[in-house]
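Participant: Input structure: model-v3.csv, which contains CSV, C-alpha atoms.
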chain,number,residue,atom,x,y,z
A,1,MET,CA,102.3,-10.5,51.6
A,2,TYR,CA,105.6,-11.6,53.1
A,3,GLN,CA,104.6,-10.0,56.5
A,4,ALA,CA,101.8,-12.5,57.0
A,5,GLY,CA,103.8,-14.4,59.6
A,6,GLN,CA,104.6,-11.3,61.6
A,7,ILE,CA,100.9,-10.2,61.5
A,8,ARG,CA,99.8,-13.6,62.6
A,9,GLU,CA,102.3,-13.6,65.5
A,10,ALA,CA,101.1,-10.1,66.5
A,11,LEU,CA,97.5,-11.4,66.6
A,12,LEU,CA,98.4,-14.4,68.7
A,13,GLU,CA,100.2,-12.1,71.1
A,14,VAL,CA,97.1,-9.9,71.3
A,15,ARG,CA,95.0,-13.0,72.1
A,16,GLU,CA,97.3,-14.0,74.9
A,17,THR,CA,97.7,-10.5,76.5
A,18,THR,CA,94.2,-9.0,76.1
A,19,ALA,CA,91.6,-9.2,78.9
A,20,ASP,CA,88.6,-8.5,76.6
A,21,PRO,CA,87.0,-11.7,75.5
A,22,VAL,CA,85.6,-10.2,72.3
A,23,VAL,CA,89.1,-9.0,71.2
A,24,ARG,CA,90.5,-12.4,72.1
A,25,VAL,CA,88.0,-14.2,69.9
A,26,GLU,CA,88.5,-11.8,67.0
A,27,ALA,CA,92.3,-12.0,67.2
A,28,GLN,CA,92.1,-15.8,67.3
A,29,SER,CA,89.8,-15.9,64.3
A,30,LEU,CA,92.0,-13.5,62.3
A,31,ALA,CA,95.1,-15.5,63.1
A,32,GLU,CA,93.5,-18.7,62.0
A,33,GLU,CA,92.4,-17.1,58.7
A,34,ILE,CA,95.8,-15.6,58.0
A,35,GLY,CA,97.5,-18.9,58.7
A,36,SER,CA,95.2,-20.9,56.5
A,37,TYR,CA,96.6,-22.4,53.3
A,38,ARG,CA,93.7,-21.0,51.2
A,39,PHE,CA,94.3,-17.4,52.4
A,40,ILE,CA,98.0,-17.6,51.7
A,41,ILE,CA,97.4,-18.9,48.2
A,42,CYS,CA,94.9,-16.2,47.4
A,43,THR,CA,97.2,-13.5,48.8
A,44,THR,CA,100.1,-14.8,46.8
A,45,ILE,CA,98.0,-14.8,43.6
A,46,TRP,CA,96.8,-11.2,44.2
A,47,TYR,CA,100.3,-10.1,45.0
A,48,ASP,CA,101.7,-11.5,41.7
A,49,ILE,CA,99.0,-10.0,39.6
A,50,LEU,CA,99.1,-6.6,41.2
A,51,TYR,CA,102.9,-6.6,41.0
A,52,LYS,CA,102.8,-7.1,37.2
A,53,ILE,CA,100.2,-4.3,36.8
A,54,GLN,CA,101.5,-1.8,39.3
A,55,HIS,CA,104.6,-0.7,37.4
A,56,VAL,CA,102.7,-0.2,34.1
A,57,SER,CA,99.9,1.7,35.9
A,58,LYS,CA,102.3,4.2,37.4
A,59,LEU,CA,104.1,4.7,34.1
A,60,MET,CA,100.8,5.3,32.3
A,61,GLN,CA,99.8,8.0,34.8
A,62,SER,CA,102.9,10.0,33.9
A,63,PRO,CA,102.2,13.3,32.1
A,64,SER,CA,104.9,12.5,29.6
A,65,MET,CA,103.6,9.1,28.6
A,66,GLN,CA,103.2,8.7,24.9
A,67,LEU,CA,100.6,6.6,23.1
A,68,ASP,CA,103.0,4.3,21.3
A,69,VAL,CA,104.9,3.5,24.5
A,70,ALA,CA,101.6,2.9,26.4
A,71,VAL,CA,100.5,0.4,23.7
A,72,ASP,CA,103.8,-1.4,23.9
A,73,LEU,CA,103.6,-1.6,27.7
A,74,LEU,CA,100.1,-2.9,27.7
A,75,LYS,CA,101.0,-5.6,25.1
A,76,LYS,CA,104.0,-6.8,27.2
A,77,THR,CA,101.8,-6.8,30.4
A,78,GLY,CA,99.1,-8.8,28.6
A,79,ASP,CA,101.7,-11.4,27.4
A,80,SER,CA,103.1,-11.6,30.9
A,81,LEU,CA,99.7,-12.3,32.4
A,82,THR,CA,99.0,-14.9,29.7
A,83,CYS,CA,102.1,-16.7,30.7
A,84,TYR,CA,101.2,-16.3,34.4
A,85,ARG,CA,97.9,-18.0,33.7
A,86,ARG,CA,99.6,-21.2,32.6
A,87,THR,CA,102.1,-21.5,35.5
A,88,GLY,CA,101.0,-19.0,38.1
A,89,PHE,CA,98.8,-21.3,40.2
A,90,SER,CA,101.6,-23.9,40.7
A,91,ASP,CA,104.1,-21.2,41.5
A,92,ALA,CA,101.6,-19.7,44.0
A,93,GLN,CA,101.3,-23.1,45.7
A,94,THR,CA,105.1,-23.4,46.0
A,95,THR,CA,105.3,-19.9,47.6
A,96,ALA,CA,102.4,-20.6,49.9
A,97,LYS,CA,103.9,-23.9,51.1
A,98,GLU,CA,107.2,-22.1,52.0
A,99,MET,CA,105.2,-19.4,53.9
A,100,CYS,CA,103.3,-22.2,55.8
A,101,GLU,CA,106.5,-23.8,56.8
A,102,GLU,CA,107.8,-20.5,58.2
A,103,MET,CA,104.5,-20.0,60.2
A,104,ASN,CA,104.5,-23.6,61.3
A,105,VAL,CA,101.0,-24.3,59.9
A,106,GLU,CA,99.7,-27.1,57.7
A,107,SER,CA,99.8,-26.6,54.0
A,108,VAL,CA,96.6,-28.5,53.3
A,109,LEU,CA,93.6,-27.1,51.5
A,110,LYS,CA,90.5,-28.5,53.1
A,111,GLN,CA,87.6,-29.5,50.9
A,112,LYS,CA,84.3,-28.1,51.9
A,113,ARG,CA,81.3,-30.4,52.0
A,114,LEU,CA,79.4,-30.5,48.8
A,115,ARG,CA,75.9,-29.3,49.1
A,116,SER,CA,73.3,-31.4,47.3
A,117,THR,CA,70.4,-29.6,45.8
A,118,LYS,CA,67.3,-31.0,44.1
A,119,ARG,CA,67.0,-30.2,40.5
A,120,GLN,CA,64.0,-30.4,38.1
A,121,PHE,CA,64.2,-32.7,35.2
A,122,GLY,CA,66.1,-31.4,32.3
A,123,TYR,CA,67.6,-32.7,29.1
A,124,GLU,CA,71.0,-31.2,29.9
A,125,SER,CA,73.0,-33.2,32.4
A,126,PRO,CA,74.4,-31.3,35.4
A,127,ASP,CA,78.1,-30.6,35.7
A,128,GLU,CA,80.0,-33.1,37.7
A,129,PRO,CA,81.3,-31.7,41.0
A,130,ILE,CA,85.0,-31.1,41.4
A,131,ASP,CA,86.3,-33.2,44.3
A,132,ASP,CA,89.9,-31.8,44.3
A,133,ALA,CA,90.0,-28.7,46.4
A,134,LEU,CA,93.1,-27.3,44.6
A,135,LYS,CA,91.6,-27.9,41.2
A,136,LYS,CA,88.4,-26.2,42.2
A,137,MET,CA,90.2,-23.2,43.6
A,138,GLU,CA,92.2,-22.9,40.3
A,139,ILE,CA,89.0,-23.0,38.2
A,140,THR,CA,86.7,-20.9,40.4
A,141,PHE,CA,89.3,-18.3,41.7
A,142,PHE,CA,92.6,-18.2,39.9
A,143,ASN,CA,91.3,-18.5,36.4
A,144,VAL,CA,88.5,-16.0,37.0
A,145,VAL,CA,90.8,-13.4,38.5
A,146,VAL,CA,93.4,-13.7,35.8
A,147,ASP,CA,90.9,-13.7,33.0
A,148,THR,CA,89.2,-10.6,34.5
A,149,ALA,CA,92.6,-8.8,34.6
A,150,LEU,CA,93.3,-9.9,31.0
A,151,SER,CA,89.9,-8.8,29.8
A,152,SER,CA,90.4,-5.3,31.3
A,153,LEU,CA,93.8,-5.0,29.8
A,154,ASP,CA,92.6,-6.2,26.4
A,155,GLU,CA,89.8,-3.6,26.4
A,156,ILE,CA,92.2,-0.7,27.1
A,157,PHE,CA,94.7,-2.1,24.6
A,158,GLN,CA,92.1,-2.3,21.9
A,159,HIS,CA,91.0,1.3,22.4
A,160,LEU,CA,94.6,2.6,22.4
A,161,GLU,CA,95.5,0.3,19.4
A,162,GLU,CA,92.8,1.9,17.3
A,163,VAL,CA,94.2,5.3,17.9
A,164,ASN,CA,97.8,4.1,17.5
A,165,ASP,CA,96.9,2.5,14.1
A,166,LYS,CA,96.0,6.0,12.9
A,167,PHE,CA,99.0,7.8,14.4
A,168,GLY,CA,101.5,4.9,14.1
A,169,VAL,CA,102.7,6.2,10.8
A,170,LEU,CA,104.4,9.1,12.5
A,171,ILE,CA,106.9,6.8,14.1
A,172,ASN,CA,106.9,3.9,11.7
A,173,PHE,CA,107.4,5.9,8.5
A,174,PRO,CA,111.2,5.2,8.3
A,175,THR,CA,110.4,1.4,7.8
A,176,THR,CA,107.2,1.9,5.8
A,177,SER,CA,107.3,1.3,2.1
A,178,ASN,CA,106.7,4.1,-0.4
A,179,GLU,CA,103.6,2.4,-1.6
A,180,GLU,CA,101.9,2.0,1.8
A,181,LEU,CA,103.0,5.4,3.2
A,182,PRO,CA,100.5,7.6,1.2
A,183,LYS,CA,97.6,5.3,2.4
A,184,HIS,CA,98.5,5.7,6.1
A,185,CYS,CA,99.1,9.4,5.7
A,186,GLN,CA,95.7,9.8,4.1
A,187,THR,CA,94.1,7.8,6.9
A,188,LEU,CA,95.7,10.2,9.4
A,189,SER,CA,94.6,13.2,7.5
A,190,SER,CA,91.0,11.9,7.5
A,191,ALA,CA,91.2,11.4,11.3
A,192,LEU,CA,92.4,14.9,11.8
A,193,THR,CA,89.5,16.5,10.0
A,194,HIS,CA,87.0,18.9,11.7
A,195,ASP,CA,84.0,20.3,9.8
A,196,GLY,CA,85.4,19.2,6.5
A,197,GLN,CA,88.7,21.0,7.1
A,198,PRO,CA,91.7,18.7,7.5
A,199,ASP,CA,94.5,19.9,9.8
A,200,ILE,CA,97.1,18.3,7.6
A,201,ASP,CA,97.5,17.4,3.9
A,202,GLY,CA,98.0,13.6,3.5
A,203,ARG,CA,99.9,13.8,0.3
A,204,GLU,CA,102.2,16.5,1.5
A,205,LEU,CA,102.8,14.6,4.7
A,206,ALA,CA,103.8,11.5,2.8
A,207,ALA,CA,106.2,13.6,0.7
A,208,GLU,CA,107.7,15.2,3.8
A,209,MET,CA,108.2,11.8,5.5
A,210,GLN,CA,110.0,10.5,2.4
A,211,ASN,CA,112.4,13.5,2.5
A,212,VAL,CA,113.1,13.6,6.2
A,213,PRO,CA,116.8,13.8,6.9
A,214,HIS,CA,118.8,11.0,8.5
A,215,LEU,CA,117.4,10.3,12.0
A,216,PRO,CA,119.5,9.3,15.0
A,217,SER,CA,117.4,6.1,15.3
A,218,LYS,CA,114.8,4.3,13.2
A,219,LYS,CA,112.7,3.7,16.2
A,220,MET,CA,111.9,7.0,17.9
A,221,THR,CA,109.0,8.1,20.0
A,222,ASN,CA,106.8,11.0,19.0
A,223,MET,CA,108.4,13.3,21.5
A,224,GLU,CA,111.9,12.4,20.4
A,225,LEU,CA,111.0,13.1,16.8
A,226,LEU,CA,109.3,16.3,17.8
A,227,THR,CA,112.4,17.4,19.7
A,228,PHE,CA,114.6,16.4,16.8
A,229,LEU,CA,112.7,18.7,14.4
A,230,HIS,CA,112.7,21.5,16.9
A,231,GLU,CA,116.4,21.3,17.6
A,232,LYS,CA,117.3,21.1,13.9
A,233,LYS,CA,115.0,24.0,13.1
A,234,LEU,CA,113.1,22.0,10.5
A,235,THR,CA,109.6,23.0,11.6
A,236,GLU,CA,109.0,25.2,8.6
A,237,MET,CA,110.3,22.7,6.1
A,238,TYR,CA,108.0,19.9,7.4
A,239,PRO,CA,104.9,21.8,8.5
A,240,ASN,CA,102.4,18.8,8.2
A,241,LEU,CA,104.7,16.5,10.1
A,242,TRP,CA,105.2,19.1,12.8
A,243,VAL,CA,101.5,19.6,13.2
A,244,ALA,CA,100.7,15.9,13.3
A,245,LEU,CA,103.4,15.2,15.8
A,246,ARG,CA,102.2,18.0,18.1
A,247,ILE,CA,98.7,16.7,18.0
A,248,SER,CA,99.9,13.2,18.7
A,249,ALA,CA,102.0,14.4,21.7
A,250,THR,CA,98.8,15.9,23.3
A,251,LEU,CA,96.7,12.7,23.1
A,252,PRO,CA,95.8,11.6,26.6
A,253,VAL,CA,96.8,8.0,27.4
A,254,THR,CA,94.7,7.7,30.6
A,255,VAL,CA,92.2,9.8,32.5
A,256,ALA,CA,94.5,10.3,35.4
A,257,ALA,CA,95.0,14.0,34.7
A,258,ALA,CA,91.2,14.6,34.6
A,259,GLU,CA,90.7,12.6,37.8
A,260,ARG,CA,93.4,14.8,39.5
A,261,SER,CA,91.7,17.9,38.3
A,262,PHE,CA,88.4,16.8,39.9
A,263,SER,CA,90.2,15.9,43.1
A,264,LYS,CA,91.9,19.3,43.3
A,265,LEU,CA,88.5,20.9,42.5
A,266,LYS,CA,87.1,19.5,45.7
A,267,LEU,CA,90.0,20.8,47.7
A,268,VAL,CA,89.9,24.3,46.2
A,269,LYS,CA,86.1,25.0,46.0
A,270,THR,CA,85.1,24.5,49.7
A,271,TYR,CA,82.0,25.7,51.5
A,272,LEU,CA,83.6,29.1,52.2
A,273,ARG,CA,84.4,29.6,48.5
A,274,ALA,CA,81.0,28.7,47.2
A,275,SER,CA,80.6,32.1,45.6
A,276,MET,CA,83.9,32.0,43.7
A,277,GLY,CA,83.8,32.9,40.0
A,278,GLN,CA,84.8,30.6,37.2
A,279,GLU,CA,88.0,32.6,36.3
A,280,ARG,CA,89.3,32.6,39.8
A,281,LEU,CA,88.4,28.9,40.3
A,282,SER,CA,90.3,28.0,37.2
A,283,GLY,CA,93.3,30.0,38.2
A,284,LEU,CA,93.5,28.4,41.7
A,285,SER,CA,93.0,25.0,40.3
A,286,ILE,CA,95.9,25.4,37.9
A,287,ILE,CA,98.1,26.7,40.7
A,288,SER,CA,97.1,23.7,42.9
A,289,ILE,CA,97.6,21.1,40.1
A,290,ASN,CA,101.0,22.6,39.1
A,291,HIS,CA,102.1,23.2,42.7
A,292,VAL,CA,105.7,22.2,41.8
A,293,VAL,CA,106.0,25.0,39.4
A,294,SER,CA,104.0,27.5,41.5
A,295,LYS,CA,106.5,27.0,44.4
A,296,GLN,CA,109.3,28.1,42.2
A,297,LEU,CA,107.6,31.5,41.4
A,298,SER,CA,108.9,34.7,42.9
A,299,TYR,CA,106.0,36.3,44.8
A,300,ASP,CA,107.8,39.7,44.6
A,301,ASP,CA,107.7,39.6,40.8
A,302,VAL,CA,104.1,38.5,40.8
A,303,ILE,CA,103.1,41.3,43.1
A,304,ASP,CA,105.0,43.9,41.1
A,305,HIS,CA,103.4,42.7,37.9
A,306,PHE,CA,100.0,42.8,39.5
A,307,ALA,CA,100.6,46.3,40.9
A,308,SER,CA,101.8,47.6,37.5
A,309,ARG,CA,98.6,46.4,35.8
A,310,LYS,CA,96.4,47.8,38.5
A,311,ALA,CA,98.2,51.1,39.0
A,312,ARG,CA,95.7,54.0,38.8
A,313,ARG,CA,98.2,56.8,38.8
A,314,VAL,CA,98.7,58.5,35.5
A,315,ARG,CA,102.2,59.7,34.8
A,316,LEU,CA,102.4,63.3,33.7
A,317,ARG,CA,104.9,64.3,31.1
For the file at hand, write its structure as C-alpha cells.
Facilitator:
Amino acid sequence: MYQAGQIREALLEVRETTADPVVRVEAQSLAEEIGSYRFIICTTIWYDILYKIQHVSKLMQSPSMQLDVAVDLLKKTGDSLTCYRRTGFSDAQTTAKEMCEEMNVESVLKQKRLRSTKRQFGYESPDEPIDDALKKMEITFFNVVVDTALSSLDEIFQHLEEVNDKFGVLINFPTTSNEELPKHCQTLSSALTHDGQPDIDGRELAAEMQNVPHLPSKKMTNMELLTFLHEKKLTEMYPNLWVALRISATLPVTVAAAERSFSKLKLVKTYLRASMGQERLSGLSIISINHVVSKQLSYDDVIDHFASRKARRVRLR
C-alpha cells in the first residue's frame, strides 16, 4: 500500500519513455487510477483489514495450534474488527490524505452522476439517494467489506466455540465449582462416545480433576497440561484425563493440513506415476509433507534396514 507513490511514478516514467501508444495510454490510465482518492481509500481499508487477519490466519495454520487458543484468537480478532468498523473509515481517510499529499494529487472524492430510472407505482417509497460521496462509499463499500469479514469470522468462531464448550472443561476445571464439574465431564463423555461405548467415564474424570496435584498455572493449554502429566508420570493415575487430553490435542483447528496433503498429492502423483499403488503413494506423500524430518534421515541406515528385511540368504549354523 505504501509503495503506491513509487508505482505511480514508475507508470508515469513508462508513459514518457515508451514509443508504443497502447502502452502509453494504459500506463496513463493506471497512473490516474492509482493516484485517485477513491483507490487510495479502498487500498487503505483492505490493507487494514488484511493486516488484522493475516497474523491470526498464519497462527491458526500452525500444526501445534490448539482449539482453546484458536477460539481466543478469533474472539480478539472479531473484537478488533468491530472497533475498526466504528473508526476505521475516518482513519482510512486520514491515511489516504497523507498519501495524496506525498503523490501531489487532489484528495477529493468525486461524486458520480446519479442515474434516474423509472419505477412502477408502489406503496413503498424509494430510498433517498445519498448525495455525499464519502458517506455513500462508507455505506456501500466500507460497511459491506467489514461486515463480510466479521460474518466469516463469526461463523468460524461459532463452530469452534461449540467444540470448545465440550472440551473446555479440560482447561477450566481448576476454576470450575465441584457442582458444575460433573455436568461438564458427563457432557464430554457423551461427546466422546462411539457405537454406545464411551472413551472416558464422566464420573471418574470429574473425580480425577478434583484430585489433580498443584498445577504450575491455573490457566494452561491442553498441550501444557498433557506435557505436565507426562513429565510427572501421572498418566496411569489419571487415565480418563490423559485420554481426553490426547483426543483434544488431535482436534484439527483448520483444514490447512488437509489442503497441504492434496497439494502434495498433485506433485507426487504425476502422469508418469499414474500406475502407482496406494501404499507407495501414501509413503511418498508422507515423505513429501514431512520433508523437514525426511532430510534429517540417514540414507545409509535406511538402505541397511531395507537390505536386512529383503535379504534372501539364509544363514547356516
Participant: Can you find the residues with an atom no farther than 8 Å from (99.9, -3.3, 22.4), counting only C-alpha atoms, and report them as a list in words?
Facilitator: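 Output of the proximity query reads Ala70, Val71, Asp72, Leu73, Leu74, Lys75, Lys76, Phe157, Gln158, Leu160 and Glu161 of chain A.
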Participant: Generate the output file for the selected residues, C-alpha atoms, as a PDB file, in the frame of the given file.
Facilitator:
ATOM      1  CA  ALA A  70     101.600   2.900  26.400  1.00  0.00           C
ATOM      2  CA  VAL A  71     100.500   0.400  23.700  1.00  0.00           C
ATOM      3  CA  ASP A  72     103.800  -1.400  23.900  1.00  0.00           C
ATOM      4  CA  LEU A  73     103.600  -1.600  27.700  1.00  0.00           C
ATOM      5  CA  LEU A  74     100.100  -2.900  27.700  1.00  0.00           C
ATOM      6  CA  LYS A  75     101.000  -5.600  25.100  1.00  0.00           C
ATOM      7  CA  LYS A  76     104.000  -6.800  27.200  1.00  0.00           C
ATOM      8  CA  PHE A 157      94.700  -2.100  24.600  1.00  0.00           C
ATOM      9  CA  GLN A 158      92.100  -2.300  21.900  1.00  0.00           C
ATOM     10  CA  LEU A 160      94.600   2.600  22.400  1.00  0.00           C
ATOM     11  CA  GLU A 161      95.500   0.300  19.400  1.00  0.00           C
TER      12      GLU A 161
END
Participant: Just the number, please: distance in Å from CA of Lys295 in chain A to CA of Ser282 in chain A, one decimal.
Facilitator: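 These two atoms are separated by 17.8 Å.
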Participant: Which residue gives the smallest distance to Ala149 in chain A among A:Thr82, A:Thr250, A:Asn178, A:Thr18, with all atoms listed in the file counted?
Facilitator: A:Thr82
Participant: What's the separation between CA of Leu12 in chain A and CA of Gly35 in chain A, in Å to one decimal place?
Facilitator: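 A separation of 11.0 Å between them.
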Participant: What's the separation between CA of Glu155 in chain A and CA of Lys52 in chain A, in Å to one decimal place?
Facilitator: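 Separation between CA of Glu155 in chain A and CA of Lys52 in chain A: 17.3 Å.
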Participant: Given the choices A:Ile45, A:Leu59, A:Ala19, A:Ala244, which gets closest to Ser190 in chain A if the distance is worked out from all atoms listed in the file?
Facilitator: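 The answer is A:Ala244, which sits nearest to Ser190 in chain A.
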Participant: Might you pull out every residue within 9 Å of Gln28 in chain A, with all atoms listed in the file counted and same-chain residues fewer than 6 positions away left off, and present them as JSON, numbers by chain?
Facilitator: {"A": [11, 12, 14, 15]}
